[in-house]
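Novice: Dropping in entry-v1.tsv, which is TSV, C-alpha atoms and all ligand atoms:
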chain	number	residue	atom	x	y	z
T	10	MET	CA	-83.76	-47.56	-49.12
T	11	ILE	CA	-83.38	-44.10	-47.60
T	12	ASP	CA	-80.29	-42.50	-46.08
T	13	LEU	CA	-81.14	-40.25	-43.13
T	14	TYR	CA	-78.59	-37.60	-42.21
T	15	THR	CA	-79.37	-36.58	-38.66
T	16	SER	CA	-78.32	-35.56	-35.16
T	17	PRO	CA	-80.05	-36.06	-31.78
T	18	THR	CA	-82.16	-32.90	-32.02
T	19	PRO	CA	-85.91	-32.21	-32.34
T	20	ASN	CA	-85.73	-31.59	-36.09
T	21	GLY	CA	-83.71	-34.76	-36.62
T	22	ARG	CA	-86.05	-36.85	-34.48
T	23	LYS	CA	-89.10	-35.78	-36.49
T	24	VAL	CA	-87.77	-37.78	-39.43
T	25	SER	CA	-86.44	-40.82	-37.54
T	26	ILE	CA	-89.79	-41.10	-35.71
T	27	ALA	CA	-91.70	-40.84	-39.00
T	28	LEU	CA	-89.50	-43.49	-40.65
T	29	GLU	CA	-90.02	-45.81	-37.68
T	30	GLU	CA	-93.80	-45.23	-37.71
T	31	LEU	CA	-93.94	-45.86	-41.46
T	32	GLY	CA	-91.79	-48.98	-41.34
T	33	VAL	CA	-89.52	-47.65	-44.09
T	34	ASP	CA	-86.01	-49.13	-44.34
T	35	TYR	CA	-83.36	-46.52	-43.73
T	36	THR	CA	-79.69	-46.11	-43.00
T	37	VAL	CA	-78.65	-43.61	-40.34
T	38	LYS	CA	-75.84	-41.24	-41.31
T	39	PRO	CA	-74.96	-39.32	-38.13
T	40	ILE	CA	-73.86	-35.71	-38.63
T	41	SER	CA	-71.85	-34.15	-35.80
T	42	LEU	CA	-72.93	-30.52	-35.43
T	43	GLY	CA	-70.19	-30.05	-32.83
T	44	LYS	CA	-67.58	-31.04	-35.43
T	45	ASP	CA	-69.21	-28.75	-38.03
T	46	GLU	CA	-69.95	-31.66	-40.36
T	47	GLN	CA	-73.12	-29.85	-41.49
T	48	HIS	CA	-70.89	-27.44	-43.42
T	49	ALA	CA	-68.81	-30.10	-45.18
T	50	PRO	CA	-69.07	-29.82	-49.00
T	51	GLU	CA	-70.38	-33.39	-49.36
T	52	PHE	CA	-73.21	-32.66	-46.89
T	53	LEU	CA	-74.00	-29.27	-48.47
T	54	ALA	CA	-74.51	-31.13	-51.76
T	55	ILE	CA	-77.45	-32.91	-50.05
T	56	SER	CA	-78.59	-30.13	-47.71
T	57	PRO	CA	-77.66	-26.75	-49.25
T	58	ASN	CA	-78.81	-24.87	-46.12
T	59	GLY	CA	-76.23	-26.76	-44.05
T	60	LYS	CA	-78.68	-28.16	-41.49
T	61	ILE	CA	-80.00	-31.56	-40.51
T	62	PRO	CA	-82.19	-33.46	-41.19
T	63	ALA	CA	-81.75	-34.46	-44.82
T	64	ILE	CA	-82.55	-37.61	-46.76
T	65	VAL	CA	-81.49	-39.34	-49.93
T	66	ASP	CA	-84.12	-41.69	-51.35
T	67	HIS	CA	-82.25	-44.24	-53.44
T	68	ASP	CA	-85.54	-45.56	-54.87
T	69	THR	CA	-86.23	-42.28	-56.63
T	70	GLY	CA	-82.96	-40.32	-56.54
T	71	ASN	CA	-84.65	-37.55	-54.51
T	72	THR	CA	-82.43	-35.58	-52.15
T	73	MET	CA	-84.24	-33.46	-49.58
T	74	MET	CA	-83.61	-31.01	-46.76
T	75	GLU	CA	-86.16	-29.28	-44.44
T	76	SER	CA	-87.96	-31.54	-42.00
T	77	GLY	CA	-91.49	-30.39	-42.93
T	78	ALA	CA	-90.90	-31.13	-46.61
T	79	ILE	CA	-89.32	-34.49	-45.75
T	80	LEU	CA	-92.34	-35.47	-43.61
T	81	LEU	CA	-94.71	-34.57	-46.45
T	82	TYR	CA	-92.55	-36.53	-48.89
T	83	LEU	CA	-92.55	-39.64	-46.70
T	84	ALA	CA	-96.30	-39.43	-46.09
T	85	ASP	CA	-96.88	-39.10	-49.83
T	86	LYS	CA	-94.47	-41.93	-50.66
T	87	THR	CA	-96.17	-44.37	-48.28
T	88	GLY	CA	-99.76	-43.11	-48.32
T	89	GLN	CA	-99.74	-42.96	-44.51
T	90	LEU	CA	-99.77	-40.43	-41.64
T	91	MET	CA	-101.48	-37.66	-43.62
T	92	PRO	CA	-105.26	-37.20	-43.73
T	93	THR	CA	-106.74	-37.60	-47.19
T	94	GLU	CA	-110.14	-36.02	-46.52
T	95	PRO	CA	-109.79	-32.46	-47.95
T	96	VAL	CA	-110.70	-30.40	-44.87
T	97	ARG	CA	-108.32	-32.34	-42.66
T	98	TYR	CA	-105.64	-32.45	-45.35
T	99	TRP	CA	-105.53	-28.65	-45.41
T	100	GLN	CA	-105.68	-28.47	-41.62
T	101	ALA	CA	-102.66	-30.76	-41.54
T	102	LEU	CA	-100.75	-28.43	-43.86
T	103	GLU	CA	-101.87	-25.44	-41.78
T	104	TRP	CA	-100.61	-26.94	-38.52
T	105	LEU	CA	-97.43	-28.29	-40.10
T	106	MET	CA	-96.64	-24.75	-41.28
T	107	TRP	CA	-97.45	-23.53	-37.75
T	108	GLN	CA	-94.87	-25.93	-36.36
T	109	MET	CA	-92.22	-24.90	-38.88
T	110	ALA	CA	-92.79	-21.17	-38.29
T	111	GLY	CA	-93.69	-21.23	-34.57
T	112	PRO	CA	-92.59	-23.94	-32.12
T	113	GLY	CA	-89.52	-24.94	-34.19
T	114	PRO	CA	-87.73	-21.60	-34.44
T	115	MET	CA	-89.16	-20.03	-31.29
T	116	LEU	CA	-88.42	-22.94	-28.94
T	117	GLY	CA	-85.05	-23.20	-30.67
T	118	GLN	CA	-84.37	-19.64	-29.48
T	119	VAL	CA	-85.51	-20.63	-25.97
T	120	HIS	CA	-82.90	-23.40	-26.01
T	121	HIS	CA	-80.26	-20.96	-27.25
T	122	PHE	CA	-80.91	-18.15	-24.77
T	123	VAL	CA	-82.50	-19.82	-21.73
T	124	LYS	CA	-80.69	-23.17	-21.66
T	125	PHE	CA	-77.29	-22.47	-23.20
T	126	ASN	CA	-76.66	-18.73	-22.79
T	127	ALA	CA	-78.53	-17.82	-19.63
T	128	GLY	CA	-77.66	-14.35	-18.33
T	129	LYS	CA	-76.39	-12.96	-21.65
T	130	SER	CA	-79.62	-11.28	-22.73
T	131	ALA	CA	-82.51	-10.89	-20.29
T	132	TYR	CA	-84.59	-9.38	-23.10
T	133	ALA	CA	-84.14	-12.39	-25.40
T	134	GLU	CA	-84.75	-14.86	-22.57
T	135	GLU	CA	-88.01	-13.13	-21.62
T	136	ARG	CA	-89.16	-12.64	-25.20
T	137	TYR	CA	-88.63	-16.20	-26.41
T	138	LEU	CA	-89.80	-17.84	-23.19
T	139	ALA	CA	-93.03	-15.80	-23.31
T	140	GLU	CA	-93.52	-16.77	-26.96
T	141	GLY	CA	-92.79	-20.42	-26.14
T	142	GLN	CA	-95.37	-20.38	-23.33
T	143	ARG	CA	-97.88	-18.74	-25.68
T	144	LEU	CA	-97.33	-21.48	-28.28
T	145	TYR	CA	-97.86	-24.19	-25.64
T	146	GLY	CA	-101.18	-22.44	-24.93
T	147	VAL	CA	-102.14	-22.48	-28.62
T	148	LEU	CA	-101.39	-26.22	-28.76
T	149	ASP	CA	-103.28	-26.85	-25.52
T	150	ARG	CA	-106.40	-25.15	-26.86
T	151	ARG	CA	-106.14	-27.05	-30.16
T	152	LEU	CA	-105.95	-30.36	-28.25
T	153	ALA	CA	-108.82	-29.54	-25.88
T	154	GLU	CA	-111.39	-31.07	-28.23
T	155	ARG	CA	-109.38	-33.58	-30.22
T	156	GLU	CA	-107.01	-36.45	-29.48
T	157	TYR	CA	-104.37	-35.39	-32.00
T	158	ILE	CA	-103.65	-32.10	-33.74
T	159	VAL	CA	-105.73	-32.96	-36.82
T	160	ASP	CA	-107.87	-35.57	-35.03
T	161	GLU	CA	-106.01	-38.60	-36.37
T	162	TYR	CA	-102.34	-39.24	-35.51
T	163	SER	CA	-100.29	-37.73	-38.34
T	164	ILE	CA	-96.98	-36.21	-39.41
T	165	VAL	CA	-98.19	-33.01	-37.73
T	166	ASP	CA	-97.99	-34.62	-34.28
T	167	ILE	CA	-94.61	-36.06	-35.25
T	168	ALA	CA	-93.41	-32.56	-36.23
T	169	VAL	CA	-94.48	-30.93	-32.96
T	170	TRP	CA	-93.82	-33.65	-30.39
T	171	PRO	CA	-89.97	-33.64	-30.41
T	172	TRP	CA	-89.99	-29.91	-29.62
T	173	ILE	CA	-92.27	-30.46	-26.63
T	174	SER	CA	-89.97	-33.28	-25.44
T	175	ARG	CA	-87.49	-30.56	-24.50
T	176	PHE	CA	-89.88	-28.97	-21.96
T	177	ASN	CA	-87.23	-29.31	-19.23
T	178	TRP	CA	-84.64	-27.39	-21.27
T	179	GLN	CA	-87.30	-24.76	-21.95
T	180	THR	CA	-88.12	-24.42	-18.21
T	181	ILE	CA	-91.78	-24.67	-19.26
T	182	ASP	CA	-94.09	-26.48	-16.83
T	183	ILE	CA	-95.80	-28.88	-19.24
T	184	THR	CA	-98.28	-29.92	-16.53
T	185	ALA	CA	-99.75	-26.40	-16.66
T	186	PHE	CA	-101.02	-27.46	-20.13
T	187	PRO	CA	-103.18	-30.53	-19.39
T	188	ASN	CA	-104.16	-31.29	-22.98
T	189	VAL	CA	-100.55	-31.03	-24.14
T	190	THR	CA	-99.53	-33.33	-21.27
T	191	ARG	CA	-102.14	-35.96	-22.21
T	192	TRP	CA	-101.18	-35.81	-25.91
T	193	TYR	CA	-97.43	-35.81	-25.18
T	194	THR	CA	-97.68	-38.80	-22.84
T	195	ALA	CA	-99.76	-40.84	-25.30
T	196	ILE	CA	-97.26	-40.26	-28.12
T	197	ALA	CA	-94.28	-40.97	-25.83
T	198	GLY	CA	-95.78	-44.42	-25.24
T	199	ARG	CA	-95.65	-45.40	-28.93
T	200	PRO	CA	-92.86	-47.96	-29.60
T	201	ALA	CA	-91.98	-46.30	-32.94
T	202	VAL	CA	-91.58	-42.94	-31.21
T	203	GLN	CA	-89.32	-44.53	-28.59
T	204	ARG	CA	-87.16	-46.07	-31.32
T	205	GLY	CA	-87.05	-42.87	-33.37
T	206	TYR	CA	-86.15	-40.81	-30.30
T	207	SER	CA	-82.97	-42.90	-29.88
T	208	ILE	CA	-81.66	-42.10	-33.38
T	209	PRO	CA	-78.82	-41.50	-34.12
T	210	ARG	CA	-77.87	-42.67	-30.62
T	211	ASP	CA	-79.37	-43.54	-27.26
T	212	ALA	CA	-80.20	-40.28	-25.50
T	213	GLY	CA	-81.60	-41.87	-22.35
T	214	PRO	CA	-85.27	-42.13	-21.46
T	215	ILE	CA	-87.85	-39.79	-22.95
T	216	PRO	CA	-88.51	-36.96	-20.47
T	217	MET	CA	-91.91	-37.44	-18.88
T	218	PRO	CA	-94.17	-34.85	-17.20
T	219	GLY	CA	-93.81	-34.94	-13.44
T	220	ASP	CA	-90.43	-36.78	-13.45
R	1	LIG	N1	-86.09	-25.58	-40.85
R	1	LIG	C1	-85.12	-26.63	-40.71
R	1	LIG	C2	-84.30	-26.36	-39.48
R	1	LIG	C3	-83.19	-27.37	-39.35
R	1	LIG	C4	-82.26	-27.04	-38.19
R	1	LIG	O1	-82.30	-25.92	-37.63
R	1	LIG	N2	-81.41	-27.99	-37.85
R	1	LIG	C5	-80.45	-27.77	-36.80
R	1	LIG	C6	-80.51	-28.89	-35.78
R	1	LIG	S1	-82.11	-29.01	-35.01
R	1	LIG	C7	-79.05	-27.73	-37.39
R	1	LIG	O2	-78.74	-28.48	-38.29
R	1	LIG	N3	-78.20	-26.86	-36.86
R	1	LIG	C8	-76.84	-26.76	-37.28
R	1	LIG	C9	-76.43	-25.35	-37.60
R	1	LIG	O3	-77.26	-24.44	-37.50
R	1	LIG	O4	-75.26	-25.17	-37.94
R	1	LIG	C10	-85.83	-27.97	-40.62
R	1	LIG	O5	-86.92	-28.03	-40.04
R	1	LIG	O6	-85.30	-28.98	-41.13
Since I need it in another form, could you write the structure as structure tokens?

Specialist:
Amino acid sequence: MIDLYTSPTPNGRKVSIALEELGVDYTVKPISLGKDEQHAPEFLAISPNGKIPAIVDHDTGNTMMESGAILLYLADKTGQLMPTEPVRYWQALEWLMWQMAGPGPMLGQVHHFVKFNAGKSAYAEERYLAEGQRLYGVLDRRLAEREYIVDEYSIVDIAVWPWISRFNWQTIDITAFPNVTRWYTAIAGRPAVQRGYSIPRDAGPIPMPGD
């Protein structure tokens, strides 16, 4: 049994979607970022960086923060959602690191400046929006010749997809990236993704291109 400490955000949804896809039993422990629960001493004991998501695996005693590490841990624990063939295995690590260093923090800044603090810094809005658009282009080119980011559906798609699901917040026209749109729509149709998207609470329907 795993405890998942999470909030309805892209980083949180990576782990709830992975747990749903893997069919692992878990208990949801909602953390209210608005109430600053991420800085409570009992949560910092599990997640020293004071951010969600985090897990406690009661089978092993492992306590983990950082969504990329958690996804790797779950794939390793279950033997699923990670390519085993060496070339693809390293490609998966490469693109997982790309997500953690690129779309995660950069689109996070787009949410901060463009969605929630519009008008406070034109420079930051332009800079992060341009970088966000560039990253959508990188993903679109990667998906031009393959169905999923490392060919087979994996934790890499699960790491990237929740960030793209905020395309409306980002004011990015997802339909200008046809391969991203095709990939996004296919993943949005997966029942496990729909269940994981609604953790820790129902957030309404998944945003769809063209809605
Ligand atoms: N690199 C971390 C980032 C985690 C992160 O930024 N979590 C956000 C929510 S998406 C958070 O907990 N924010 C609360 C805060 O910054 O106080 C990961 O991928 O797990």

Novice: Segment 59-73 of chain T: which residues within 10 Å, counting all atoms listed in the file, same-chain residues fewer than 5 positions away excluded, as a ChimeraX atom specification?

Specialist: /T:10-25,35-42,45-50,52-54,78-79,82-83

Novice: One decimal, in Å: what's the spacing between atom CA of Thr184 of chain T and atom O1 of ligand LIG 1 (chain R)?

Specialist: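 Value for the atom CA of Thr184 of chain T-atom O1 of ligand LIG 1 (chain R) distance: 26.8 Å.
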
Novice: To one decimal place in Å, what is the distance between atom CA of Val165 of chain T and atom CA of Leu105 of chain T?

Specialist: 5.3 Å

Novice: Using all atoms listed in the file, pick whichever of T:Glu75, T:Asp166, T:Asp34, T:Glu51 has the shortest atom-to-atom distance to ligand LIG 1 (chain R).

Specialist: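 Nearest candidate to ligand LIG 1 (chain R) out of T:Glu75, T:Asp166, T:Asp34, T:Glu51: T:Glu75.
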
Novice: So the first atom is atom CA of Ile183 of chain T and the second is atom CA of Gln89 of chain T; what is the distance between them in Å, to one decimal place?

Specialist: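 Atom-to-atom, atom CA of Ile183 of chain T to atom CA of Gln89 of chain T, that is 29.2 Å.
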
Novice: Name all residues at most 8 Å from Lys124 of chain T (count only C-alpha atoms; drop same-chain ones fewer than 3 positions away) and give them as a CSV table (one decimal) with C-alpha atoms, in the coordinates of the input.

Specialist:
chain,number,residue,atom,x,y,z
T,119,VAL,CA,-85.5,-20.6,-26.0
T,120,HIS,CA,-82.9,-23.4,-26.0
T,121,HIS,CA,-80.3,-21.0,-27.2
T,127,ALA,CA,-78.5,-17.8,-19.6
T,178,TRP,CA,-84.6,-27.4,-21.3
T,179,GLN,CA,-87.3,-24.8,-22.0

Novice: As JSON, please report the centre and edge lengths, rounded to one decimal in Å, of the axis-aligned box that holds all listed atoms of ligand LIG 1 (chain R) with 8 Å of padding on each of the six sides.

Specialist:
{"center_x": -81.1, "center_y": -26.7, "center_z": -38.1, "size_x": 27.7, "size_y": 20.6, "size_z": 22.1}

Novice: Which is closer to Ala101 of chain T than all the others in T:Tyr162, T:Tyr132, T:Phe125, T:Trp172, using all atoms listed in the file?

Specialist: T:Tyr162

Novice: Quick one: of T:Ala139, T:Ile208, T:Ala168, T:Ala185, who's nearest to ligand LIG 1 (chain R), counting all atoms listed in the file?

Specialist: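 Answer, going by the shortest atom-to-atom distance: T:Ala168.
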
Novice: Taking the partial coordinates given, rebuild segment 14-36 of chain T to contain N, CA and C atoms; return it as an mmCIF file, keeping the file's coordinate frame.

Specialist:
data_model
loop_
_atom_site.group_PDB
_atom_site.id
_atom_site.type_symbol
_atom_site.label_atom_id
_atom_site.label_comp_id
_atom_site.auth_asym_id
_atom_site.auth_seq_id
_atom_site.Cartn_x
_atom_site.Cartn_y
_atom_site.Cartn_z
ATOM 1 N N TYR T 14 -79.679 -38.374 -42.810
ATOM 2 C CA TYR T 14 -78.590 -37.600 -42.210
ATOM 3 C C TYR T 14 -79.184 -36.847 -41.031
ATOM 4 N N THR T 15 -78.685 -37.116 -39.837
ATOM 5 C CA THR T 15 -79.370 -36.580 -38.660
ATOM 6 C C THR T 15 -78.449 -36.433 -37.467
ATOM 7 N N SER T 16 -78.979 -35.765 -36.451
ATOM 8 C CA SER T 16 -78.320 -35.560 -35.160
ATOM 9 C C SER T 16 -79.411 -35.706 -34.096
ATOM 10 N N PRO T 17 -79.026 -35.874 -32.824
ATOM 11 C CA PRO T 17 -80.050 -36.060 -31.780
ATOM 12 C C PRO T 17 -80.697 -34.737 -31.364
ATOM 13 N N THR T 18 -81.492 -34.170 -32.255
ATOM 14 C CA THR T 18 -82.160 -32.900 -32.020
ATOM 15 C C THR T 18 -83.643 -33.048 -32.390
ATOM 16 N N PRO T 19 -84.491 -32.090 -31.980
ATOM 17 C CA PRO T 19 -85.910 -32.210 -32.340
ATOM 18 C C PRO T 19 -86.148 -32.307 -33.847
ATOM 19 N N ASN T 20 -85.484 -31.514 -34.647
ATOM 20 C CA ASN T 20 -85.730 -31.590 -36.090
ATOM 21 C C ASN T 20 -85.281 -32.934 -36.663
ATOM 22 N N GLY T 21 -84.168 -33.447 -36.168
ATOM 23 C CA GLY T 21 -83.710 -34.760 -36.620
ATOM 24 C C GLY T 21 -84.691 -35.860 -36.216
ATOM 25 N N ARG T 22 -85.163 -35.780 -34.976
ATOM 26 C CA ARG T 22 -86.050 -36.850 -34.480
ATOM 27 C C ARG T 22 -87.396 -36.874 -35.196
ATOM 28 N N LYS T 23 -87.838 -35.746 -35.724
ATOM 29 C CA LYS T 23 -89.100 -35.780 -36.490
ATOM 30 C C LYS T 23 -89.005 -36.860 -37.559
ATOM 31 N N VAL T 24 -87.880 -36.886 -38.273
ATOM 32 C CA VAL T 24 -87.770 -37.780 -39.430
ATOM 33 C C VAL T 24 -87.505 -39.220 -38.991
ATOM 34 N N SER T 25 -86.664 -39.428 -37.973
ATOM 35 C CA SER T 25 -86.440 -40.820 -37.540
ATOM 36 C C SER T 25 -87.721 -41.405 -36.952
ATOM 37 N N ILE T 26 -88.511 -40.592 -36.233
ATOM 38 C CA ILE T 26 -89.790 -41.100 -35.710
ATOM 39 C C ILE T 26 -90.731 -41.432 -36.861
ATOM 40 N N ALA T 27 -90.810 -40.559 -37.861
ATOM 41 C CA ALA T 27 -91.700 -40.840 -39.000
ATOM 42 C C ALA T 27 -91.268 -42.116 -39.720
ATOM 43 N N LEU T 28 -89.977 -42.288 -39.952
ATOM 44 C CA LEU T 28 -89.500 -43.490 -40.650
ATOM 45 C C LEU T 28 -89.831 -44.746 -39.854
ATOM 46 N N GLU T 29 -89.676 -44.654 -38.522
ATOM 47 C CA GLU T 29 -90.020 -45.810 -37.680
ATOM 48 C C GLU T 29 -91.518 -46.083 -37.735
ATOM 49 N N GLU T 30 -92.338 -45.036 -37.655
ATOM 50 C CA GLU T 30 -93.800 -45.230 -37.710
ATOM 51 C C GLU T 30 -94.212 -45.839 -39.051
ATOM 52 N N LEU T 31 -93.552 -45.424 -40.114
ATOM 53 C CA LEU T 31 -93.940 -45.860 -41.460
ATOM 54 C C LEU T 31 -93.365 -47.221 -41.828
ATOM 55 N N GLY T 32 -92.402 -47.688 -41.033
ATOM 56 C CA GLY T 32 -91.790 -48.980 -41.340
ATOM 57 C C GLY T 32 -90.938 -48.959 -42.593
ATOM 58 N N VAL T 33 -90.381 -47.785 -42.904
ATOM 59 C CA VAL T 33 -89.520 -47.650 -44.090
ATOM 60 C C VAL T 33 -88.089 -48.029 -43.709
ATOM 61 N N ASP T 34 -87.418 -48.796 -44.587
ATOM 62 C CA ASP T 34 -86.010 -49.130 -44.340
ATOM 63 C C ASP T 34 -85.152 -47.890 -44.509
ATOM 64 N N TYR T 35 -84.243 -47.680 -43.567
ATOM 65 C CA TYR T 35 -83.360 -46.520 -43.730
ATOM 66 C C TYR T 35 -82.019 -46.785 -43.061
ATOM 67 N N THR T 36 -81.034 -46.050 -43.547
ATOM 68 C CA THR T 36 -79.690 -46.110 -43.000
ATOM 69 C C THR T 36 -79.402 -44.781 -42.324
#
